[in-house]
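Asks: What follows is the file structure.cif, containing mmCIF, N, CA and C atoms:
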```
data_input
loop_
_atom_site.label_atom_id
_atom_site.label_comp_id
_atom_site.auth_asym_id
_atom_site.auth_seq_id
_atom_site.Cartn_x
_atom_site.Cartn_y
_atom_site.Cartn_z
N MET A 180 0.82 -1.19 0.00
CA MET A 180 0.00 0.00 0.00
C MET A 180 0.87 1.26 0.00
N PHE A 181 1.93 1.24 0.76
CA PHE A 181 2.80 2.40 0.86
C PHE A 181 4.15 2.10 0.21
N ASN A 182 4.14 1.55 -0.98
CA ASN A 182 5.38 1.16 -1.64
C ASN A 182 6.18 2.35 -2.16
N ASP A 183 5.51 3.46 -2.39
CA ASP A 183 6.21 4.60 -2.98
C ASP A 183 6.68 5.63 -1.95
N ILE A 184 6.66 5.28 -0.68
CA ILE A 184 7.15 6.19 0.36
C ILE A 184 8.64 5.93 0.56
N GLY A 185 9.43 6.96 0.41
CA GLY A 185 10.87 6.84 0.58
C GLY A 185 11.27 7.07 2.03
N ALA A 186 12.57 6.98 2.26
CA ALA A 186 13.10 7.14 3.62
C ALA A 186 12.86 8.55 4.15
N LEU A 187 13.05 9.55 3.30
CA LEU A 187 12.88 10.93 3.73
C LEU A 187 11.42 11.21 4.11
N GLU A 188 10.48 10.69 3.33
CA GLU A 188 9.07 10.89 3.67
C GLU A 188 8.72 10.19 4.98
N LEU A 189 9.26 8.98 5.18
CA LEU A 189 8.98 8.24 6.41
C LEU A 189 9.53 8.97 7.63
N VAL A 190 10.75 9.50 7.53
CA VAL A 190 11.33 10.27 8.64
C VAL A 190 10.49 11.52 8.91
N THR A 191 10.02 12.17 7.84
CA THR A 191 9.19 13.37 8.01
C THR A 191 7.89 13.03 8.72
N ILE A 192 7.26 11.92 8.35
CA ILE A 192 6.01 11.51 9.00
C ILE A 192 6.25 11.20 10.47
N VAL A 193 7.34 10.52 10.79
CA VAL A 193 7.64 10.19 12.19
C VAL A 193 7.88 11.46 13.00
N VAL A 194 8.65 12.39 12.45
CA VAL A 194 8.93 13.65 13.16
C VAL A 194 7.65 14.44 13.36
N LEU A 195 6.81 14.52 12.35
CA LEU A 195 5.53 15.24 12.51
C LEU A 195 4.63 14.53 13.52
N GLY A 196 4.64 13.18 13.52
CA GLY A 196 3.85 12.45 14.50
C GLY A 196 4.30 12.72 15.91
N ILE A 197 5.61 12.77 16.11
CA ILE A 197 6.14 13.06 17.45
C ILE A 197 5.78 14.49 17.87
N LEU A 198 5.86 15.43 16.94
CA LEU A 198 5.53 16.83 17.26
C LEU A 198 4.04 17.00 17.54
N VAL A 199 3.19 16.33 16.78
CA VAL A 199 1.75 16.54 16.93
C VAL A 199 1.21 15.76 18.13
N PHE A 200 1.57 14.47 18.26
CA PHE A 200 0.97 13.63 19.30
C PHE A 200 1.84 13.48 20.54
N GLY A 201 3.12 13.74 20.39
CA GLY A 201 4.01 13.56 21.54
C GLY A 201 4.51 12.13 21.60
N PRO A 202 5.68 11.93 22.22
CA PRO A 202 6.28 10.59 22.24
C PRO A 202 5.50 9.59 23.10
N ASP A 203 4.71 10.05 24.06
CA ASP A 203 3.98 9.10 24.91
C ASP A 203 2.70 8.59 24.25
N LYS A 204 2.02 9.38 23.41
CA LYS A 204 0.78 8.97 22.76
C LYS A 204 1.01 8.36 21.37
N LEU A 205 2.20 8.51 20.82
CA LEU A 205 2.47 8.06 19.45
C LEU A 205 2.27 6.56 19.26
N PRO A 206 2.72 5.67 20.14
CA PRO A 206 2.47 4.23 19.93
C PRO A 206 0.97 3.88 19.86
N LYS A 207 0.17 4.52 20.70
CA LYS A 207 -1.29 4.27 20.68
C LYS A 207 -1.90 4.75 19.36
N VAL A 208 -1.46 5.89 18.86
CA VAL A 208 -1.97 6.42 17.59
C VAL A 208 -1.58 5.48 16.44
N ILE A 209 -0.35 4.96 16.45
CA ILE A 209 0.10 4.05 15.40
C ILE A 209 -0.74 2.77 15.43
N GLN A 210 -1.05 2.26 16.62
CA GLN A 210 -1.90 1.07 16.73
C GLN A 210 -3.30 1.34 16.19
N ASP A 211 -3.84 2.50 16.51
CA ASP A 211 -5.17 2.85 16.02
C ASP A 211 -5.19 2.96 14.49
N VAL A 212 -4.17 3.57 13.93
CA VAL A 212 -4.11 3.75 12.47
C VAL A 212 -3.96 2.40 11.77
N THR A 213 -3.08 1.53 12.28
CA THR A 213 -2.91 0.21 11.66
C THR A 213 -4.19 -0.62 11.80
N GLY A 214 -4.89 -0.51 12.94
CA GLY A 214 -6.17 -1.20 13.10
C GLY A 214 -7.20 -0.71 12.11
N PHE A 215 -7.23 0.61 11.89
CA PHE A 215 -8.16 1.20 10.93
C PHE A 215 -7.86 0.71 9.52
N ILE A 216 -6.59 0.65 9.18
CA ILE A 216 -6.20 0.17 7.84
C ILE A 216 -6.61 -1.30 7.66
N ARG A 217 -6.42 -2.12 8.68
CA ARG A 217 -6.84 -3.52 8.61
C ARG A 217 -8.34 -3.64 8.42
N LYS A 218 -9.11 -2.82 9.13
CA LYS A 218 -10.57 -2.86 8.98
C LYS A 218 -11.00 -2.44 7.59
N VAL A 219 -10.36 -1.42 7.04
CA VAL A 219 -10.70 -0.97 5.68
C VAL A 219 -10.38 -2.06 4.67
N ARG A 220 -9.23 -2.72 4.81
CA ARG A 220 -8.88 -3.82 3.90
C ARG A 220 -9.88 -4.97 4.02
N ALA A 221 -10.25 -5.32 5.24
CA ALA A 221 -11.21 -6.41 5.44
C ALA A 221 -12.56 -6.05 4.83
N PHE A 222 -13.01 -4.81 5.03
CA PHE A 222 -14.26 -4.35 4.45
C PHE A 222 -14.20 -4.40 2.92
N SER A 223 -13.08 -3.97 2.36
CA SER A 223 -12.91 -3.99 0.90
C SER A 223 -12.92 -5.41 0.36
N ASP A 224 -12.21 -6.31 1.01
CA ASP A 224 -12.20 -7.72 0.58
C ASP A 224 -13.58 -8.33 0.68
N SER A 225 -14.30 -8.01 1.75
CA SER A 225 -15.66 -8.51 1.93
C SER A 225 -16.59 -8.00 0.84
N ALA A 226 -16.47 -6.72 0.50
CA ALA A 226 -17.30 -6.14 -0.55
C ALA A 226 -16.99 -6.77 -1.90
N LYS A 227 -15.71 -7.00 -2.20
CA LYS A 227 -15.34 -7.66 -3.45
C LYS A 227 -15.90 -9.07 -3.52
N HIS A 228 -15.82 -9.80 -2.41
CA HIS A 228 -16.35 -11.16 -2.37
C HIS A 228 -17.86 -11.15 -2.59
N ASP A 229 -18.56 -10.22 -1.94
CA ASP A 229 -20.01 -10.13 -2.11
C ASP A 229 -20.39 -9.80 -3.55
N ILE A 230 -19.68 -8.89 -4.16
CA ILE A 230 -19.98 -8.52 -5.55
C ILE A 230 -19.73 -9.70 -6.48
N ARG A 231 -18.64 -10.41 -6.28
CA ARG A 231 -18.34 -11.58 -7.13
C ARG A 231 -19.41 -12.65 -6.96
N SER A 232 -19.87 -12.88 -5.72
CA SER A 232 -20.89 -13.91 -5.50
C SER A 232 -22.23 -13.49 -6.10
N GLU A 233 -22.52 -12.20 -6.11
CA GLU A 233 -23.78 -11.72 -6.69
C GLU A 233 -23.76 -11.73 -8.22
N LEU A 234 -22.59 -11.56 -8.81
CA LEU A 234 -22.50 -11.54 -10.28
C LEU A 234 -22.74 -12.92 -10.87
N GLY A 235 -22.38 -13.96 -10.18
CA GLY A 235 -22.63 -15.30 -10.66
C GLY A 235 -21.42 -15.93 -11.31
N PRO A 236 -21.60 -17.19 -11.78
CA PRO A 236 -20.46 -17.94 -12.31
C PRO A 236 -19.93 -17.42 -13.65
N GLU A 237 -20.75 -16.68 -14.40
CA GLU A 237 -20.26 -16.18 -15.69
C GLU A 237 -19.21 -15.08 -15.54
N PHE A 238 -19.08 -14.53 -14.34
CA PHE A 238 -18.08 -13.50 -14.08
C PHE A 238 -17.01 -14.01 -13.13
N LYS A 239 -16.69 -15.29 -13.20
CA LYS A 239 -15.73 -15.88 -12.27
C LYS A 239 -14.31 -15.34 -12.46
N ASP A 240 -13.98 -14.91 -13.69
CA ASP A 240 -12.63 -14.38 -13.93
C ASP A 240 -12.60 -12.85 -13.88
N PHE A 241 -13.66 -12.26 -13.34
CA PHE A 241 -13.74 -10.80 -13.23
C PHE A 241 -12.75 -10.29 -12.20
N GLU A 242 -11.98 -9.28 -12.57
CA GLU A 242 -11.03 -8.63 -11.66
C GLU A 242 -11.40 -7.15 -11.56
N PHE A 243 -11.37 -6.61 -10.36
CA PHE A 243 -11.72 -5.21 -10.17
C PHE A 243 -10.68 -4.28 -10.78
N GLU A 244 -9.46 -4.76 -10.94
CA GLU A 244 -8.42 -3.95 -11.58
C GLU A 244 -8.75 -3.70 -13.05
N ASP A 245 -9.59 -4.58 -13.64
CA ASP A 245 -9.98 -4.40 -15.04
C ASP A 245 -10.90 -3.20 -15.24
N LEU A 246 -11.45 -2.66 -14.17
CA LEU A 246 -12.30 -1.49 -14.28
C LEU A 246 -11.49 -0.23 -14.58
N ASN A 247 -10.19 -0.29 -14.34
CA ASN A 247 -9.32 0.82 -14.72
C ASN A 247 -9.25 0.83 -16.24
N PRO A 248 -9.59 1.94 -16.91
CA PRO A 248 -9.63 1.96 -18.38
C PRO A 248 -8.31 1.54 -19.04
N LYS A 249 -7.21 1.96 -18.47
CA LYS A 249 -5.92 1.61 -19.06
C LYS A 249 -5.68 0.10 -19.01
N THR A 250 -5.99 -0.51 -17.88
CA THR A 250 -5.83 -1.95 -17.73
C THR A 250 -6.81 -2.70 -18.63
N PHE A 251 -8.03 -2.22 -18.71
CA PHE A 251 -9.04 -2.87 -19.54
C PHE A 251 -8.63 -2.88 -21.01
N ILE A 252 -8.18 -1.75 -21.52
CA ILE A 252 -7.78 -1.67 -22.92
C ILE A 252 -6.57 -2.55 -23.19
N ARG A 253 -5.60 -2.53 -22.29
CA ARG A 253 -4.41 -3.36 -22.46
C ARG A 253 -4.79 -4.84 -22.50
N LYS A 254 -5.69 -5.25 -21.61
CA LYS A 254 -6.12 -6.65 -21.57
C LYS A 254 -6.87 -7.02 -22.85
N GLN A 255 -7.74 -6.15 -23.32
CA GLN A 255 -8.52 -6.45 -24.53
C GLN A 255 -7.62 -6.54 -25.76
N LEU A 256 -6.60 -5.69 -25.82
CA LEU A 256 -5.71 -5.71 -26.98
C LEU A 256 -4.77 -6.90 -26.98
N THR A 257 -4.38 -7.39 -25.82
CA THR A 257 -3.44 -8.50 -25.77
C THR A 257 -4.12 -9.86 -25.79
N GLU A 258 -5.36 -9.97 -25.31
CA GLU A 258 -6.02 -11.27 -25.23
C GLU A 258 -6.96 -11.55 -26.39
N ASN A 259 -7.32 -10.57 -27.19
CA ASN A 259 -8.27 -10.77 -28.27
C ASN A 259 -7.58 -11.48 -29.44
N GLU A 260 -8.04 -12.68 -29.77
CA GLU A 260 -7.41 -13.49 -30.83
C GLU A 260 -7.60 -12.86 -32.21
N ASP A 261 -8.74 -12.22 -32.45
CA ASP A 261 -8.98 -11.59 -33.76
C ASP A 261 -7.99 -10.45 -34.00
N LEU A 262 -7.73 -9.68 -32.95
CA LEU A 262 -6.78 -8.58 -33.10
C LEU A 262 -5.37 -9.10 -33.32
N LYS A 263 -5.01 -10.19 -32.67
CA LYS A 263 -3.68 -10.77 -32.90
C LYS A 263 -3.53 -11.23 -34.35
N GLU A 264 -4.59 -11.83 -34.89
CA GLU A 264 -4.55 -12.29 -36.28
C GLU A 264 -4.45 -11.11 -37.24
N ILE A 265 -5.21 -10.06 -36.99
CA ILE A 265 -5.17 -8.88 -37.86
C ILE A 265 -3.79 -8.22 -37.77
N ARG A 266 -3.27 -8.11 -36.55
CA ARG A 266 -1.97 -7.48 -36.36
C ARG A 266 -0.86 -8.26 -37.06
N SER A 267 -0.94 -9.59 -37.02
CA SER A 267 0.11 -10.40 -37.66
C SER A 267 -0.01 -10.36 -39.18
N SER A 268 -1.23 -10.19 -39.72
CA SER A 268 -1.40 -10.18 -41.17
C SER A 268 -1.14 -8.80 -41.78
N PHE A 269 -1.10 -7.79 -40.98
CA PHE A 269 -0.95 -6.43 -41.49
C PHE A 269 0.52 -6.03 -41.42
N ASP A 270 1.10 -5.76 -42.59
CA ASP A 270 2.49 -5.32 -42.67
C ASP A 270 2.50 -3.85 -43.07
N LEU A 271 2.82 -2.99 -42.15
CA LEU A 271 2.74 -1.55 -42.38
C LEU A 271 3.74 -1.09 -43.43
N ARG A 272 4.94 -1.66 -43.43
CA ARG A 272 5.95 -1.25 -44.42
C ARG A 272 5.49 -1.58 -45.83
N LYS A 273 4.92 -2.75 -46.01
CA LYS A 273 4.44 -3.15 -47.34
C LYS A 273 3.33 -2.20 -47.80
N GLU A 274 2.41 -1.89 -46.89
CA GLU A 274 1.31 -0.98 -47.23
C GLU A 274 1.84 0.40 -47.60
N LEU A 275 2.79 0.92 -46.84
CA LEU A 275 3.36 2.24 -47.14
C LEU A 275 4.09 2.24 -48.48
N ASN A 276 4.84 1.18 -48.76
CA ASN A 276 5.53 1.09 -50.05
C ASN A 276 4.54 1.03 -51.20
N ASP A 277 3.45 0.28 -51.05
CA ASP A 277 2.43 0.21 -52.10
C ASP A 277 1.81 1.58 -52.35
N VAL A 278 1.51 2.30 -51.29
CA VAL A 278 0.90 3.62 -51.44
C VAL A 278 1.88 4.60 -52.08
N SER A 279 3.13 4.59 -51.65
CA SER A 279 4.11 5.52 -52.22
C SER A 279 4.38 5.19 -53.69
N ASP A 280 4.42 3.90 -54.06
CA ASP A 280 4.58 3.54 -55.47
C ASP A 280 3.39 4.00 -56.30
N ALA A 281 2.19 3.87 -55.77
CA ALA A 281 1.00 4.31 -56.49
C ALA A 281 1.03 5.82 -56.70
N VAL A 282 1.45 6.55 -55.68
CA VAL A 282 1.52 8.02 -55.80
C VAL A 282 2.58 8.42 -56.82
N LYS A 283 3.73 7.77 -56.80
CA LYS A 283 4.80 8.09 -57.75
C LYS A 283 4.37 7.78 -59.17
N ASN A 284 3.69 6.66 -59.37
CA ASN A 284 3.23 6.30 -60.72
C ASN A 284 2.16 7.26 -61.20
N SER A 285 1.26 7.67 -60.33
CA SER A 285 0.22 8.61 -60.76
C SER A 285 0.82 9.97 -61.07
N ASP A 286 1.84 10.40 -60.33
CA ASP A 286 2.51 11.66 -60.62
C ASP A 286 3.21 11.60 -61.97
N ALA A 287 3.85 10.48 -62.27
CA ALA A 287 4.53 10.33 -63.56
C ALA A 287 3.53 10.30 -64.69
N ASP A 288 2.37 9.64 -64.50
CA ASP A 288 1.34 9.59 -65.53
C ASP A 288 0.76 10.97 -65.78
N VAL A 289 0.52 11.73 -64.73
CA VAL A 289 -0.03 13.08 -64.87
C VAL A 289 0.96 13.99 -65.58
N ALA A 290 2.24 13.88 -65.24
CA ALA A 290 3.25 14.73 -65.88
C ALA A 290 3.39 14.39 -67.35
N ALA A 291 3.29 13.12 -67.71
CA ALA A 291 3.42 12.71 -69.11
C ALA A 291 2.19 13.11 -69.91
N ALA A 292 1.02 13.07 -69.33
CA ALA A 292 -0.22 13.36 -70.05
C ALA A 292 -0.57 14.84 -70.05
N ALA A 293 0.09 15.63 -69.27
CA ALA A 293 -0.25 17.05 -69.16
C ALA A 293 0.21 17.81 -70.39
N PRO A 294 -0.60 18.75 -70.87
CA PRO A 294 -0.18 19.58 -72.00
C PRO A 294 0.92 20.53 -71.55
N PRO A 295 1.69 21.02 -72.50
CA PRO A 295 2.75 21.96 -72.12
C PRO A 295 2.16 23.20 -71.45
N ALA A 296 2.84 23.63 -70.44
CA ALA A 296 2.34 24.77 -69.66
C ALA A 296 2.50 26.06 -70.45
N VAL A 297 1.53 26.94 -70.28
CA VAL A 297 1.57 28.25 -70.93
C VAL A 297 2.49 29.13 -70.11
N THR A 298 3.45 29.74 -70.79
CA THR A 298 4.38 30.60 -70.08
C THR A 298 3.78 31.98 -69.94
N GLY A 299 3.95 32.53 -68.80
CA GLY A 299 3.42 33.86 -68.54
C GLY A 299 4.33 34.55 -67.55
N PRO A 300 3.88 35.61 -66.98
CA PRO A 300 4.72 36.31 -66.02
C PRO A 300 4.95 35.44 -64.78
N ASP A 301 6.16 35.51 -64.28
CA ASP A 301 6.49 34.77 -63.07
C ASP A 301 6.03 35.59 -61.87
N LEU A 302 5.05 35.10 -61.19
CA LEU A 302 4.47 35.85 -60.08
C LEU A 302 5.31 35.79 -58.82
N LEU A 303 6.31 34.93 -58.81
CA LEU A 303 7.16 34.83 -57.63
C LEU A 303 8.30 35.83 -57.65
N LYS A 304 8.63 36.33 -58.85
CA LYS A 304 9.71 37.31 -58.94
C LYS A 304 9.20 38.68 -58.53
N LYS A 305 10.08 39.47 -57.98
CA LYS A 305 9.73 40.83 -57.60
C LYS A 305 9.69 41.67 -58.88
N PRO A 306 8.63 42.42 -59.08
CA PRO A 306 8.54 43.22 -60.31
C PRO A 306 9.61 44.32 -60.32
N ALA A 307 10.02 44.66 -61.51
CA ALA A 307 11.01 45.73 -61.66
C ALA A 307 10.38 47.06 -61.28
N ALA A 308 11.20 47.97 -60.82
CA ALA A 308 10.71 49.30 -60.44
C ALA A 308 10.22 50.04 -61.68
N PRO A 309 9.08 50.73 -61.61
CA PRO A 309 8.58 51.46 -62.78
C PRO A 309 9.48 52.66 -63.11
N ALA A 310 9.40 53.06 -64.31
CA ALA A 310 10.18 54.22 -64.74
C ALA A 310 9.68 55.46 -64.01
N ALA A 311 10.49 56.53 -64.03
CA ALA A 311 10.17 57.75 -63.28
C ALA A 311 8.87 58.38 -63.76
N ASP A 312 8.58 58.34 -65.07
CA ASP A 312 7.36 58.96 -65.56
C ASP A 312 6.13 58.08 -65.31
N GLN A 313 6.29 56.82 -64.96
CA GLN A 313 5.15 55.93 -64.70
C GLN A 313 4.78 55.89 -63.22
N ARG A 314 5.57 56.48 -62.39
CA ARG A 314 5.29 56.46 -60.96
C ARG A 314 4.03 57.27 -60.65
N SER A 315 3.26 56.78 -59.69
CA SER A 315 2.09 57.54 -59.28
C SER A 315 2.54 58.64 -58.32
N ARG A 316 1.77 59.67 -58.31
CA ARG A 316 2.12 60.79 -57.44
C ARG A 316 1.82 60.42 -56.00
N PHE A 317 2.65 60.85 -55.09
CA PHE A 317 2.53 60.55 -53.69
C PHE A 317 2.10 61.78 -52.95
N ASP A 318 1.01 61.65 -52.20
CA ASP A 318 0.51 62.77 -51.43
C ASP A 318 0.88 62.54 -49.97
N ALA A 319 1.85 63.29 -49.47
CA ALA A 319 2.31 63.11 -48.08
C ALA A 319 1.26 63.49 -47.08
N ASP A 320 0.37 64.41 -47.43
CA ASP A 320 -0.66 64.83 -46.50
C ASP A 320 -1.80 63.82 -46.39
N ALA A 321 -1.94 62.95 -47.38
CA ALA A 321 -3.05 62.00 -47.38
C ALA A 321 -2.79 60.81 -46.46
N THR A 322 -1.55 60.60 -46.08
CA THR A 322 -1.26 59.43 -45.24
C THR A 322 -1.16 59.77 -43.79
#
```
Represent the structure of the file as structure tokens.
Replies:
Amino acid sequence: MFNDIGALELVTIVVLGILVFGPDKLPKVIQDVTGFIRKVRAFSDSAKHDIRSELGPEFKDFEFEDLNPKTFIRKQLTENEDLKEIRSSFDLRKELNDVSDAVKNSDADVAAAAPPAVTGPDLLKKPAAPAADQRSRFDADAT
């Protein structure tokens, strides 16, 4: 239950327990807390047993940990025989190569069948500056 508590956290809890309850009451408090934890575990185990008995024999392999969505999905993906068969038959590299070959072939077919392009002004080039007499008049007061 407390597997992730390190030494520093444990020392901090003990020091806080001594400061809050005092060294004479601390053993009684620890006994009360451990008794409470035992009762909660017993209650939880009893509730799990009651739920399993009420569900019936068709849920004999039911685990409460499976109610966690991450665990449920992992279990369904690893135990489902249909998914294993689909996963083994599906080769992603082959599929990607087939698609890329089809795209390359269609690009080559389109380039070969396309009529020659009409040449016109290159819109990506910056236009040359107009001659002095073609410039529009600039009104400094208008801006």
Asks: What does the structure give for the distance between atom C of Asp240 of chain A and atom N of Glu264 of chain A, in Å to one decimal?
Replies: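 A separation of 22.5 Å between them.
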Asks: Just how far from atom C of Val193 of chain A is atom CA of Pro206 of chain A, in Å to one decimal?
Replies: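 Rounded to one decimal, the two atoms are 11.4 Å apart.
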Asks: Give me, please, the distance in Å between atom C of Ala226 of chain A and atom CA of Asp183 of chain A, quoted to one decimal.
Replies: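 Distance reported for this atom pair: 25.9 Å.
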Asks: Report the centre and edge lengths, in Å to one decimal, of an axis-aligned box enclosing every atom of segment 192-199 of chain A listed in the file, padded by 8 Å on each side, as JSON.
Replies:
```
{"center_x": 5.1, "center_y": 13.6, "center_z": 13.2, "size_x": 23.7, "size_y": 22.8, "size_z": 25.8}
```
Asks: Name all residues at most 8 Å from Arg231 of chain A (count only C-alpha atoms; drop same-chain ones fewer than 5 positions away) and give them as a PyMOL selection string.
Replies: chain A and resi 238-239+241
